[in-house]
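Novice: Here you go, this is work.tsv (TSV, C-alpha atoms).
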chain	number	residue	atom	x	y	z
A	727	MET	CA	-41.38	-15.58	-15.77
A	728	PRO	CA	-42.06	-11.92	-15.11
A	729	ALA	CA	-44.27	-10.20	-17.63
A	730	LYS	CA	-42.59	-7.95	-20.16
A	731	ARG	CA	-44.31	-4.94	-18.61
A	732	GLN	CA	-42.80	-5.70	-15.21
A	733	LEU	CA	-39.35	-6.01	-16.74
A	734	VAL	CA	-39.69	-2.65	-18.48
A	735	LEU	CA	-40.93	-1.05	-15.27
A	736	ALA	CA	-38.06	-2.53	-13.26
A	737	ALA	CA	-35.63	-1.21	-15.90
A	738	ALA	CA	-37.25	2.22	-15.57
A	739	VAL	CA	-36.74	2.12	-11.79
A	740	LEU	CA	-33.13	1.11	-12.39
A	741	LEU	CA	-32.71	4.03	-14.80
A	742	ALA	CA	-34.10	6.41	-12.20
A	743	GLY	CA	-31.65	4.90	-9.71
A	744	LEU	CA	-28.77	5.52	-12.12
A	745	VAL	CA	-29.83	9.14	-12.58
A	746	ALA	CA	-29.89	9.48	-8.78
A	747	MET	CA	-26.43	7.89	-8.53
A	748	ASN	CA	-25.08	10.37	-11.07
A	749	LEU	CA	-26.51	13.19	-8.97
A	750	VAL	CA	-24.82	11.74	-5.89
A	751	VAL	CA	-21.50	11.50	-7.74
A	752	THR	CA	-21.90	15.11	-8.90
A	753	ILE	CA	-22.51	16.23	-5.32
A	754	LEU	CA	-19.67	14.14	-3.89
A	755	THR	CA	-17.18	15.49	-6.42
A	756	ARG	CA	-18.12	19.18	-6.07
A	757	ASN	CA	-14.90	19.60	-4.11
A	758	SER	CA	-12.68	17.28	-6.11
A	759	VAL	CA	-9.11	18.50	-6.42
A	760	PRO	CA	-9.37	19.96	-9.96
A	761	ARG	CA	-12.56	21.80	-8.98
A	762	ARG	CA	-10.86	23.21	-5.88
A	763	VAL	CA	-8.02	24.50	-8.04
A	764	MET	CA	-10.52	25.98	-10.49
A	765	ARG	CA	-12.38	27.64	-7.63
A	766	HIS	CA	-9.10	29.04	-6.37
A	767	ALA	CA	-8.51	30.48	-9.84
A	768	ARG	CA	-11.95	32.14	-9.81
A	769	GLN	CA	-11.24	33.60	-6.39
A	770	SER	CA	-7.83	34.94	-7.44
A	771	GLN	CA	-8.88	37.44	-10.08
A	772	SER	CA	-6.52	40.07	-8.74
A	773	ALA	CA	-3.49	37.79	-8.61
A	774	SER	CA	-0.46	39.19	-10.41
A	775	VAL	CA	1.33	35.84	-10.44
A	776	ILE	CA	0.00	32.38	-11.15
A	777	ALA	CA	1.94	29.17	-10.66
A	778	LEU	CA	1.21	26.19	-12.88
A	779	GLY	CA	2.55	22.66	-12.88
A	780	ASN	CA	1.95	19.28	-11.37
A	781	SER	CA	2.14	18.15	-7.73
A	782	LEU	CA	5.68	19.52	-7.39
A	783	VAL	CA	4.20	22.98	-7.86
A	784	ALA	CA	0.97	22.20	-5.99
A	785	SER	CA	2.93	21.26	-2.88
A	786	GLY	CA	6.10	23.26	-3.52
A	787	PHE	CA	4.81	26.73	-4.31
A	788	ASP	CA	3.93	28.59	-1.14
A	789	GLU	CA	1.92	31.68	-2.05
A	790	VAL	CA	2.60	33.54	1.19
A	791	ALA	CA	6.35	32.90	1.06
A	792	PHE	CA	6.50	33.87	-2.62
A	793	ASN	CA	4.62	37.09	-1.91
A	794	SER	CA	6.93	37.89	0.94
A	795	GLY	CA	9.99	37.31	-1.25
A	796	ALA	CA	8.58	39.30	-4.15
A	797	GLY	CA	7.25	42.12	-2.00
A	798	LEU	CA	3.68	41.44	-3.04
A	799	SER	CA	0.61	41.42	-0.87
A	800	ALA	CA	-2.84	39.95	-1.23
A	801	PRO	CA	-4.97	40.25	-3.28
A	802	ARG	CA	-2.26	41.19	-5.84
A	803	GLY	CA	-0.13	38.26	-4.73
A	804	ALA	CA	0.41	34.83	-6.21
A	805	ALA	CA	-2.13	32.08	-6.86
A	806	ASN	CA	-0.94	28.50	-6.88
A	807	LEU	CA	-2.86	26.66	-9.62
A	808	GLY	CA	-0.61	23.60	-9.54
A	809	LEU	CA	-2.54	20.35	-9.89
A	810	GLY	CA	-1.20	17.03	-8.63
A	811	ALA	CA	-1.06	14.14	-11.09
A	812	SER	CA	-1.74	16.47	-13.98
A	813	SER	CA	-0.29	16.35	-17.43
A	814	THR	CA	0.72	19.42	-19.37
A	815	VAL	CA	-2.73	19.36	-21.01
A	816	GLU	CA	-4.53	20.03	-17.72
A	817	GLN	CA	-1.97	22.73	-16.98
A	818	LEU	CA	-2.82	24.43	-20.28
A	819	LEU	CA	-6.53	24.13	-19.45
A	820	LEU	CA	-5.96	25.69	-16.03
A	821	LEU	CA	-4.17	28.66	-17.59
A	822	ARG	CA	-7.03	29.13	-20.03
A	823	TYR	CA	-9.58	28.66	-17.27
A	824	ALA	CA	-7.91	31.31	-15.10
A	825	LEU	CA	-7.63	33.77	-18.00
A	826	SER	CA	-11.24	33.27	-19.01
A	827	HIS	CA	-12.40	33.83	-15.42
A	828	GLY	CA	-10.91	37.26	-15.04
A	829	VAL	CA	-7.39	36.49	-13.83
A	830	HIS	CA	-4.91	38.88	-15.45
A	831	PRO	CA	-1.49	37.89	-14.16
A	832	ASP	CA	1.72	39.66	-15.05
A	833	LEU	CA	3.82	36.58	-14.44
A	834	VAL	CA	3.25	32.88	-15.05
A	835	VAL	CA	5.52	30.55	-13.07
A	836	TYR	CA	5.64	27.16	-14.75
A	837	GLY	CA	7.37	24.46	-12.73
A	838	PHE	CA	8.56	21.17	-14.22
A	839	TYR	CA	10.82	18.22	-13.54
A	840	ASP	CA	12.54	15.60	-15.68
A	841	PHE	CA	11.09	15.25	-19.19
A	842	GLN	CA	7.69	16.78	-18.59
A	843	LEU	CA	8.09	19.56	-21.15
A	844	THR	CA	8.82	17.29	-24.09
A	845	THR	CA	6.87	14.13	-23.24
A	846	PRO	CA	4.01	13.73	-25.72
A	847	ASN	CA	0.65	13.11	-24.07
A	848	ARG	CA	-0.69	9.69	-24.95
A	849	PHE	CA	-3.57	8.39	-22.86
A	850	THR	CA	-6.08	5.61	-22.67
A	851	THR	CA	-9.49	6.18	-21.13
A	852	SER	CA	-8.36	4.20	-18.10
A	853	ASP	CA	-5.75	6.94	-17.52
A	854	LEU	CA	-8.42	9.62	-17.46
A	855	MET	CA	-9.31	9.36	-13.80
A	856	GLY	CA	-8.36	11.16	-10.64
A	857	ASN	CA	-7.22	14.69	-11.50
A	858	HIS	CA	-7.03	13.80	-15.21
A	859	ALA	CA	-10.84	13.69	-14.99
A	860	MET	CA	-10.90	17.39	-15.69
A	861	LEU	CA	-10.16	16.47	-19.31
A	862	TYR	CA	-13.77	15.28	-19.41
A	863	TYR	CA	-15.32	18.50	-18.21
A	864	VAL	CA	-13.05	21.48	-18.96
A	865	GLU	CA	-13.01	22.26	-22.68
A	866	PRO	CA	-13.01	18.52	-23.43
A	867	PHE	CA	-12.93	18.76	-27.20
A	868	TYR	CA	-10.44	21.61	-27.32
A	869	ALA	CA	-8.11	19.63	-25.06
A	870	ARG	CA	-8.36	16.55	-27.31
A	871	ARG	CA	-6.01	18.29	-29.79
A	872	PHE	CA	-3.19	17.96	-27.31
A	873	TYR	CA	-3.28	14.29	-26.43
A	874	SER	CA	-3.85	11.12	-28.35
A	875	LEU	CA	-6.32	8.33	-27.72
A	876	SER	CA	-6.85	5.20	-29.77
A	877	LEU	CA	-9.93	5.16	-31.99
A	878	HIS	CA	-11.68	2.84	-29.56
A	879	ASP	CA	-10.83	5.06	-26.58
A	880	SER	CA	-11.82	8.13	-28.52
A	881	PHE	CA	-15.35	6.74	-28.92
A	882	GLN	CA	-15.37	5.77	-25.25
A	883	PHE	CA	-14.31	9.29	-24.33
A	884	ARG	CA	-17.18	10.81	-26.29
A	885	ALA	CA	-19.67	8.45	-24.65
A	886	MET	CA	-18.31	8.90	-21.13
A	887	HIS	CA	-17.58	12.61	-20.90
A	888	ALA	CA	-21.16	13.66	-20.16
A	889	ILE	CA	-21.84	11.01	-17.51
A	890	PRO	CA	-20.55	11.92	-14.04
A	891	MET	CA	-20.41	8.27	-12.92
A	892	PHE	CA	-17.83	7.69	-15.65
A	893	ALA	CA	-16.09	11.04	-15.82
A	894	ASP	CA	-15.55	11.36	-12.07
A	895	ARG	CA	-15.30	7.68	-11.24
A	896	GLY	CA	-11.76	8.12	-9.93
A	897	ALA	CA	-12.91	10.50	-7.19
A	898	ILE	CA	-15.29	7.82	-5.87
A	899	TRP	CA	-12.71	5.07	-6.26
A	900	ALA	CA	-10.21	7.19	-4.36
A	901	LYS	CA	-12.56	7.28	-1.37
A	902	VAL	CA	-12.81	3.48	-1.47
A	903	GLU	CA	-9.03	3.24	-1.84
A	904	ILE	CA	-8.50	5.44	1.22
A	905	LEU	CA	-10.84	3.15	3.17
A	906	ARG	CA	-9.03	0.06	1.85
A	907	ARG	CA	-5.65	1.50	2.84
A	908	ALA	CA	-6.95	2.36	6.30
A	909	MET	CA	-8.19	-1.23	6.71
A	910	ALA	CA	-4.90	-2.65	5.40
A	911	GLN	CA	-3.07	-0.58	8.00
A	912	GLN	CA	-4.79	-2.34	10.90
A	913	GLY	CA	-2.10	-3.94	13.03
A	914	MET	CA	0.64	-2.96	10.58
A	915	PRO	CA	3.49	-0.48	11.05
A	916	ALA	CA	2.30	2.97	9.99
A	917	GLU	CA	3.22	3.97	6.45
A	918	ARG	CA	4.49	7.49	5.82
A	919	THR	CA	1.90	9.51	3.97
A	920	ASN	CA	1.53	13.13	2.99
A	921	ARG	CA	-1.23	15.20	1.44
A	922	LEU	CA	-0.69	13.50	-1.93
A	923	GLY	CA	-0.58	9.86	-0.89
A	924	ARG	CA	1.91	7.25	0.32
A	925	ALA	CA	5.38	8.80	0.42
A	926	ALA	CA	7.10	5.65	-0.87
A	927	ASP	CA	4.90	5.51	-3.98
A	928	PHE	CA	6.52	8.60	-5.44
A	929	SER	CA	9.84	6.89	-6.03
A	930	LEU	CA	7.91	5.02	-8.77
A	931	LEU	CA	7.74	8.27	-10.69
A	932	GLU	CA	11.50	8.58	-10.89
A	933	SER	CA	13.72	6.76	-13.34
A	934	ASP	CA	14.83	3.33	-12.18
A	935	ASN	CA	18.52	4.10	-12.44
A	936	ALA	CA	21.09	6.41	-14.00
A	937	GLU	CA	21.35	4.35	-17.17
A	938	ASP	CA	17.60	4.45	-17.73
A	939	PHE	CA	17.67	8.22	-17.24
A	940	ARG	CA	20.61	8.57	-19.64
A	941	LEU	CA	18.64	6.68	-22.29
A	942	GLN	CA	15.64	8.96	-21.71
A	943	CYS	CA	17.90	12.00	-22.11
A	944	SER	CA	19.22	10.63	-25.41
A	945	ALA	CA	15.70	9.86	-26.62
A	946	SER	CA	14.38	13.30	-25.61
A	947	VAL	CA	17.23	15.50	-26.74
A	948	ASN	CA	15.73	16.05	-30.17
A	949	LEU	CA	12.08	16.10	-29.20
A	950	PRO	CA	10.04	19.27	-29.67
A	951	LEU	CA	8.09	20.72	-26.76
A	952	ALA	CA	4.87	18.82	-26.08
A	953	SER	CA	2.12	20.50	-28.09
A	954	SER	CA	0.26	21.48	-24.90
A	955	VAL	CA	3.40	23.10	-23.46
A	956	SER	CA	4.13	25.14	-26.57
A	957	GLU	CA	0.46	26.19	-26.71
A	958	LEU	CA	0.52	27.22	-23.05
A	959	LEU	CA	3.67	29.27	-23.59
A	960	ARG	CA	2.41	30.71	-26.86
A	961	GLN	CA	-0.87	31.87	-25.33
A	962	ALA	CA	0.88	33.40	-22.33
A	963	ASN	CA	3.48	35.07	-24.55
A	964	ASP	CA	0.85	36.40	-26.95
A	965	LEU	CA	-0.89	38.07	-24.01
A	966	GLY	CA	2.37	39.73	-23.07
A	967	LEU	CA	2.78	37.80	-19.82
A	968	THR	CA	6.21	37.20	-18.39
A	969	ILE	CA	6.84	33.46	-18.20
A	970	ALA	CA	9.28	31.83	-15.81
A	971	VAL	CA	9.93	28.16	-16.45
A	972	VAL	CA	11.35	26.67	-13.28
A	973	GLU	CA	13.29	23.44	-12.85
A	974	MET	CA	11.80	22.41	-9.54
A	975	PRO	CA	14.01	21.53	-6.54
A	976	MET	CA	14.99	17.87	-6.31
A	977	ARG	CA	16.60	15.74	-3.62
A	978	GLU	CA	20.34	15.22	-3.54
A	979	GLN	CA	20.05	11.65	-4.82
A	980	HIS	CA	17.94	12.71	-7.81
A	981	ARG	CA	20.37	15.49	-8.69
A	982	ARG	CA	23.44	13.30	-8.26
A	983	LEU	CA	22.08	10.33	-10.21
A	984	PHE	CA	20.19	12.16	-12.91
A	985	TYR	CA	20.81	15.91	-13.14
A	986	ASP	CA	24.56	16.09	-12.63
A	987	THR	CA	25.11	14.21	-15.87
A	988	PRO	CA	26.15	15.29	-19.37
A	989	GLY	CA	22.89	13.88	-20.74
A	990	TRP	CA	20.74	16.17	-18.58
A	991	SER	CA	22.90	19.22	-19.40
A	992	GLN	CA	22.46	18.45	-23.09
A	993	TYR	CA	18.71	18.01	-22.62
A	994	THR	CA	18.27	21.27	-20.69
A	995	SER	CA	20.30	23.16	-23.33
A	996	HIS	CA	17.93	21.71	-25.89
A	997	ILE	CA	14.81	22.83	-24.02
A	998	ARG	CA	16.28	26.26	-23.35
A	999	ASN	CA	16.66	26.65	-27.11
A	1000	LEU	CA	13.08	25.55	-27.62
A	1001	LEU	CA	11.84	27.98	-24.97
A	1002	ALA	CA	13.72	30.94	-26.45
A	1003	GLN	CA	10.95	31.74	-28.94
A	1004	PHE	CA	8.55	32.41	-26.04
A	1005	ASN	CA	10.86	34.89	-24.25
A	1006	VAL	CA	10.92	32.64	-21.24
A	1007	ILE	CA	12.99	33.25	-18.12
A	1008	TYR	CA	14.54	29.90	-17.27
A	1009	VAL	CA	15.21	29.31	-13.60
A	1010	ASP	CA	17.26	26.30	-12.58
A	1011	ALA	CA	16.10	25.80	-9.01
A	1012	SER	CA	16.86	22.09	-8.92
A	1013	ASP	CA	19.63	22.57	-6.35
A	1014	TRP	CA	18.08	25.32	-4.28
A	1015	ILE	CA	17.06	22.95	-1.50
A	1016	GLN	CA	20.16	21.16	-0.32
A	1017	GLU	CA	18.68	19.45	2.73
A	1018	ASP	CA	16.78	16.25	1.97
A	1019	ALA	CA	14.95	16.73	5.26
A	1020	LEU	CA	13.02	19.51	3.52
A	1021	PHE	CA	11.37	16.96	1.22
A	1022	ASP	CA	8.27	15.03	2.27
A	1023	ASP	CA	8.91	12.15	-0.13
A	1024	PRO	CA	11.24	11.41	-3.07
A	1025	LEU	CA	9.75	14.28	-5.10
A	1026	HIS	CA	7.74	16.75	-3.05
A	1027	LEU	CA	8.94	19.57	-0.85
A	1028	SER	CA	7.76	19.72	2.73
A	1029	THR	CA	5.92	22.80	3.96
A	1030	ARG	CA	9.20	24.25	5.24
A	1031	GLY	CA	11.02	23.39	2.00
A	1032	ALA	CA	8.21	24.94	-0.06
A	1033	ALA	CA	8.41	28.15	1.97
A	1034	GLN	CA	12.18	28.35	1.52
A	1035	PHE	CA	12.03	27.68	-2.22
A	1036	SER	CA	9.09	30.02	-2.85
A	1037	GLN	CA	10.60	32.90	-0.93
A	1038	ARG	CA	13.81	32.63	-2.92
A	1039	LEU	CA	11.87	32.40	-6.17
A	1040	GLY	CA	9.83	35.44	-5.15
A	1041	ARG	CA	13.02	37.40	-4.39
A	1042	LEU	CA	14.46	36.42	-7.76
A	1043	LEU	CA	11.40	37.09	-9.90
A	1044	GLY	CA	10.20	40.02	-7.84
A	1045	SER	CA	13.36	41.88	-8.79
A	1046	LEU	CA	12.34	41.95	-12.44
A	1047	PRO	CA	12.12	45.53	-13.62
A	1048	PRO	CA	9.47	46.84	-13.75
A	1049	HIS	CA	8.00	45.03	-10.81
A	1050	LEU	CA	6.69	41.69	-12.13
A	1051	SER	CA	5.53	43.32	-15.29
A	1052	ALA	CA	5.36	41.84	-18.72
A	1053	HIS	CA	8.02	42.35	-21.36
A	1054	SER	CA	10.62	42.52	-18.68
A	1055	THR	CA	14.13	42.23	-19.96
A	1056	GLY	CA	15.78	42.42	-16.57
A	1057	THR	CA	19.50	42.19	-16.21
A	1058	PRO	CA	20.76	38.70	-15.44
A	1059	VAL	CA	20.26	37.65	-11.86
A	1060	PRO	CA	22.30	34.83	-10.33
A	1061	GLY	CA	20.34	31.61	-10.55
A	1062	ARG	CA	18.30	32.83	-13.46
A	1063	SER	CA	19.06	32.68	-17.12
A	1064	ARG	CA	17.39	33.34	-20.34
A	1065	PRO	CA	17.74	30.57	-22.87
B	1462	MET	CA	-35.85	-25.85	6.18
B	1463	SER	CA	-32.76	-24.80	8.10
B	1464	SER	CA	-31.95	-21.11	8.24
B	1465	LEU	CA	-28.81	-21.77	6.23
B	1466	SER	CA	-30.72	-23.31	3.32
B	1467	TRP	CA	-33.31	-20.53	3.58
B	1468	CYS	CA	-30.52	-17.98	3.16
B	1469	GLN	CA	-29.13	-20.00	0.26
B	1470	ASN	CA	-32.56	-19.99	-1.41
B	1471	LEU	CA	-32.88	-16.28	-0.80
B	1472	LEU	CA	-29.51	-15.56	-2.41
B	1473	GLU	CA	-30.38	-17.82	-5.34
B	1474	TYR	CA	-33.68	-15.99	-5.74
B	1475	LEU	CA	-32.07	-12.54	-5.56
B	1476	ALA	CA	-29.38	-13.60	-8.02
B	1477	GLY	CA	-31.90	-14.98	-10.51
B	1478	GLU	CA	-30.91	-18.62	-10.12
B	1479	THR	CA	-34.46	-19.54	-9.20
B	1480	ASP	CA	-37.84	-17.87	-9.75
B	1481	VAL	CA	-39.36	-19.15	-6.53
B	1482	PRO	CA	-38.77	-17.15	-3.37
B	1483	PRO	CA	-38.04	-19.00	-0.11
B	1484	ALA	CA	-41.00	-19.49	2.18
B	1485	GLY	CA	-41.93	-16.31	3.98
B	1486	PHE	CA	-40.04	-13.94	1.67
B	1487	PRO	CA	-42.64	-11.37	0.62
B	1488	ILE	CA	-41.18	-10.05	-2.64
B	1489	GLU	CA	-42.59	-11.55	-5.81
B	1490	LEU	CA	-41.02	-11.33	-9.23
B	1491	THR	CA	-43.83	-8.96	-10.20
B	1492	ASN	CA	-42.60	-6.33	-7.73
B	1493	TYR	CA	-40.86	-4.12	-10.29
B	1494	LEU	CA	-40.03	-1.42	-7.74
B	1495	PHE	CA	-38.03	-3.83	-5.58
B	1496	TRP	CA	-36.20	-5.41	-8.52
B	1497	GLY	CA	-35.36	-2.04	-10.09
B	1498	ILE	CA	-33.90	-0.82	-6.78
B	1499	TRP	CA	-32.10	-4.13	-6.25
B	1500	TRP	CA	-30.42	-3.94	-9.67
B	1501	GLY	CA	-29.53	-0.32	-8.92
B	1502	ILE	CA	-27.87	-1.40	-5.67
B	1503	LEU	CA	-25.90	-4.07	-7.54
B	1504	VAL	CA	-24.79	-1.55	-10.19
B	1505	GLY	CA	-23.79	0.84	-7.39
B	1506	VAL	CA	-21.72	-1.80	-5.59
B	1507	VAL	CA	-19.97	-2.81	-8.83
B	1508	PHE	CA	-19.31	0.86	-9.65
B	1509	VAL	CA	-17.88	1.73	-6.24
B	1510	PHE	CA	-15.53	-1.25	-6.10
B	1511	SER	CA	-14.53	-1.49	-9.76
B	1512	GLY	CA	-11.49	0.74	-9.29
B	1513	GLN	CA	-9.54	-1.80	-7.30
B	1514	SER	CA	-7.16	-2.57	-10.13
B	1515	SER	CA	-6.41	1.11	-10.77
B	1516	LYS	CA	-2.93	2.31	-9.99
B	1517	PHE	CA	-3.47	4.85	-7.27
B	1518	ILE	CA	-0.49	6.93	-6.44
B	1519	TYR	CA	-1.95	10.32	-5.92
B	1520	ILE	CA	-4.77	10.64	-3.47
B	1521	ASP	CA	-4.95	14.27	-2.55
B	1522	PHE	CA	-6.50	14.44	0.88
Please lay out the structure from this file as structure tokens.
Specialist:
Amino acid sequence: MPAKRQLVLAAAVLLAGLVAMNLVVTILTRNSVPRRVMRHARQSQSASVIALGNSLVASGFDEVAFNSGAGLSAPRGAANLGLGASSTVEQLLLLRYALSHGVHPDLVVYGFYDFQLTTPNRFTTSDLMGNHAMLYYVEPFYARRFYSLSLHDSFQFRAMHAIPMFADRGAIWAKVEILRRAMAQQGMPAERTNRLGRAADFSLLESDNAEDFRLQCSASVNLPLASSVSELLRQANDLGLTIAVVEMPMREQHRRLFYDTPGWSQYTSHIRNLLAQFNVIYVDASDWIQEDALFDDPLHLSTRGAAQFSQRLGRLLGSLPPHLSAHSTGTPVPGRSRP
Amino acid sequence: MSSLSWCQNLLEYLAGETDVPPAGFPIELTNYLFWGIWWGILVGVVFVFSGQSSKFIYIDF
């Protein structure tokens, strides 16, 4: 049997190894997706427009095309702070992060799809990986007001948030997953992928069928805005920023099955009423892209689709008098409505 | 001892099944540096591969 001293010394070596591993994880995740978006925010201090939302905005908002449509030019142009696989809590944190790092936009473009604006944020610690990991390191205890965790997970969260091997575990697992997928592809027909992952996976994020969507509409039609969404809009409104909430473009099948239904019309009327208190410009862009070929997968626009959508959005919002300024009460423009 | 049983003994020794190293293996149980690093390697391997059951949809390249 090893002496107690040897055991303690071996444990000390292990501890040193764990500290080293945490340093390695910190270095490997310096360029993780949330940190890249945060860096982009820091580098966009002169931006007059910021775009927030999930992957639909991250991949669908083309800064150059928007600027060209709105008649803006760098560095006063738009900054896309959309974050894939983010909840509305991370989107709130990104707005706050940008504002606290010297970004003073005139306009906030907030893209959404389906029930994102009213879905309450309920997580478990196993959900807090990948891009959700920023909940561990950007205002972690402020953000906790806007999502719920069980008591057990709440303790776990407190214990894990300061340890990079836990907080950023998803970034390391993603590297392993990419390797595993590459190995699984050996000798198999190539799967369609895009910058966000396997194209086919994104159909999992849509409702299963029209009936399921109808039930979700009925269940959501009386819900308030998610607390993180109303806080995001409140903070932007209090600062006098113009806010455009944009129903993001969807494929023909999604529109036909889900959006061209009485349930969705009722739901969007409901959210327009909720948004009214924040002086929001509501843009229904869900049918702006008619060609399915301009989508990379069931949800995300291709580069060409993003350019087309963003240029049109830029033309629409750029016409606000005065030019992209706050407190605009511009005359109605086709395709745009105030709730 | 065949090389196969030597390897088996080595794995049993590294895994803590036995306290006696196979003949010719130089690391004793008193070598705290080796065992600390070895446990660290095991923790690292478990950490790296423990995300297999996670539902990965988004992997932003």
Novice: Taking all atoms listed in the file into account, name the residue in A:Ala945, A:Leu843, A:Ile898, A:Ala859 that is nearest to Leu958 of chain A.
Specialist: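 Using all atoms listed in the file, the shortest distance to Leu958 of chain A belongs to A:Leu843.
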Novice: Taking all atoms listed in the file into account and nothing else, which residues of chain B lie no more than 10 Å away from chain A? Please answer as a ChimeraX atom specification.
Specialist: /B:1480,1489-1502,1504-1505,1508-1513,1515-1522
Novice: How many Å lie between atom CA of Pro1024 of chain A and atom CA of Phe841 of chain A, rounded to one decimal?
Specialist: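 Separation of atom CA of Pro1024 of chain A and atom CA of Phe841 of chain A: 16.6 Å.
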Novice: Quote the spacing between atom CA of Gly989 of chain A and atom CA of Asp1018 of chain A in Å to one decimal place.
Specialist: 23.6 Å
Novice: Do you have the atom CA of Leu941 of chain A-atom CA of Gln992 of chain A distance handy?
Specialist: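 Separating atom CA of Leu941 of chain A from atom CA of Gln992 of chain A is a distance of 12.4 Å.
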Novice: For Asp879 of chain A, please output as a list of chain:residue names all residues within 12 Å (counting all atoms listed in the file; exclusion window: fewer than 5 positions along the same chain).
Specialist: A:Arg848, A:Phe849, A:Thr850, A:Thr851, A:Ser852, A:Asp853, A:Leu854, A:Arg870, A:Tyr873, A:Ser874, A:Arg884, A:Ala885, A:Met886, A:His887
Novice: Write out as JSON, numbers by chain the residues lying within 12 Å of segment 792-804 of chain A, counting only C-alpha atoms and excluding same-chain residues fewer than 5 positions away.
Specialist: {"A": [766, 767, 769, 770, 771, 772, 773, 774, 775, 776, 777, 778, 786, 787, 829, 830, 831, 832, 833, 834, 835, 1032, 1033, 1034, 1035, 1036, 1037, 1038, 1039, 1040, 1041, 1042, 1043, 1044, 1045, 1046, 1047, 1049, 1050]}
Novice: Write a file of the just-selected residues containing C-alpha atoms, as a PDB file, keeping the file's coordinate frame.
Specialist:
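Contents of the output file again_2.pdb:
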ATOM      1  CA  HIS A 766      -9.100  29.040  -6.370  1.00  0.00           C
ATOM      2  CA  ALA A 767      -8.510  30.480  -9.840  1.00  0.00           C
ATOM      3  CA  GLN A 769     -11.240  33.600  -6.390  1.00  0.00           C
ATOM      4  CA  SER A 770      -7.830  34.940  -7.440  1.00  0.00           C
ATOM      5  CA  GLN A 771      -8.880  37.440 -10.080  1.00  0.00           C
ATOM      6  CA  SER A 772      -6.520  40.070  -8.740  1.00  0.00           C
ATOM      7  CA  ALA A 773      -3.490  37.790  -8.610  1.00  0.00           C
ATOM      8  CA  SER A 774      -0.460  39.190 -10.410  1.00  0.00           C
ATOM      9  CA  VAL A 775       1.330  35.840 -10.440  1.00  0.00           C
ATOM     10  CA  ILE A 776       0.000  32.380 -11.150  1.00  0.00           C
ATOM     11  CA  ALA A 777       1.940  29.170 -10.660  1.00  0.00           C
ATOM     12  CA  LEU A 778       1.210  26.190 -12.880  1.00  0.00           C
ATOM     13  CA  GLY A 786       6.100  23.260  -3.520  1.00  0.00           C
ATOM     14  CA  PHE A 787       4.810  26.730  -4.310  1.00  0.00           C
ATOM     15  CA  VAL A 829      -7.390  36.490 -13.830  1.00  0.00           C
ATOM     16  CA  HIS A 830      -4.910  38.880 -15.450  1.00  0.00           C
ATOM     17  CA  PRO A 831      -1.490  37.890 -14.160  1.00  0.00           C
ATOM     18  CA  ASP A 832       1.720  39.660 -15.050  1.00  0.00           C
ATOM     19  CA  LEU A 833       3.820  36.580 -14.440  1.00  0.00           C
ATOM     20  CA  VAL A 834       3.250  32.880 -15.050  1.00  0.00           C
ATOM     21  CA  VAL A 835       5.520  30.550 -13.070  1.00  0.00           C
ATOM     22  CA  ALA A1032       8.210  24.940  -0.060  1.00  0.00           C
ATOM     23  CA  ALA A1033       8.410  28.150   1.970  1.00  0.00           C
ATOM     24  CA  GLN A1034      12.180  28.350   1.520  1.00  0.00           C
ATOM     25  CA  PHE A1035      12.030  27.680  -2.220  1.00  0.00           C
ATOM     26  CA  SER A1036       9.090  30.020  -2.850  1.00  0.00           C
ATOM     27  CA  GLN A1037      10.600  32.900  -0.930  1.00  0.00           C
ATOM     28  CA  ARG A1038      13.810  32.630  -2.920  1.00  0.00           C
ATOM     29  CA  LEU A1039      11.870  32.400  -6.170  1.00  0.00           C
ATOM     30  CA  GLY A1040       9.830  35.440  -5.150  1.00  0.00           C
ATOM     31  CA  ARG A1041      13.020  37.400  -4.390  1.00  0.00           C
ATOM     32  CA  LEU A1042      14.460  36.420  -7.760  1.00  0.00           C
ATOM     33  CA  LEU A1043      11.400  37.090  -9.900  1.00  0.00           C
ATOM     34  CA  GLY A1044      10.200  40.020  -7.840  1.00  0.00           C
ATOM     35  CA  SER A1045      13.360  41.880  -8.790  1.00  0.00           C
ATOM     36  CA  LEU A1046      12.340  41.950 -12.440  1.00  0.00           C
ATOM     37  CA  PRO A1047      12.120  45.530 -13.620  1.00  0.00           C
ATOM     38  CA  HIS A1049       8.000  45.030 -10.810  1.00  0.00           C
ATOM     39  CA  LEU A1050       6.690  41.690 -12.130  1.00  0.00           C
TER      40      LEU A1050
END
Novice: Would it be fine to have segment 850-854 of chain A, with N, CA and C atoms, given as a CSV table (one decimal), in the first residue's frame?
Specialist:
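Output below, filename out08.csv:
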chain,number,residue,atom,x,y,z
A,850,THR,N,-31.6,23.4,-17.6
A,850,THR,CA,-30.9,22.6,-16.7
A,850,THR,C,-29.4,22.8,-16.9
A,851,THR,N,-28.6,22.5,-16.0
A,851,THR,CA,-27.2,22.8,-16.3
A,851,THR,C,-26.6,22.0,-17.5
A,852,SER,N,-27.3,20.9,-17.8
A,852,SER,CA,-26.8,20.2,-19.0
A,852,SER,C,-27.1,20.9,-20.3
A,853,ASP,N,-28.1,21.9,-20.2
A,853,ASP,CA,-28.4,22.8,-21.4
A,853,ASP,C,-27.3,23.8,-21.5
A,854,LEU,N,-26.7,24.2,-20.4
A,854,LEU,CA,-25.8,25.3,-20.5
A,854,LEU,C,-24.4,25.0,-21.1
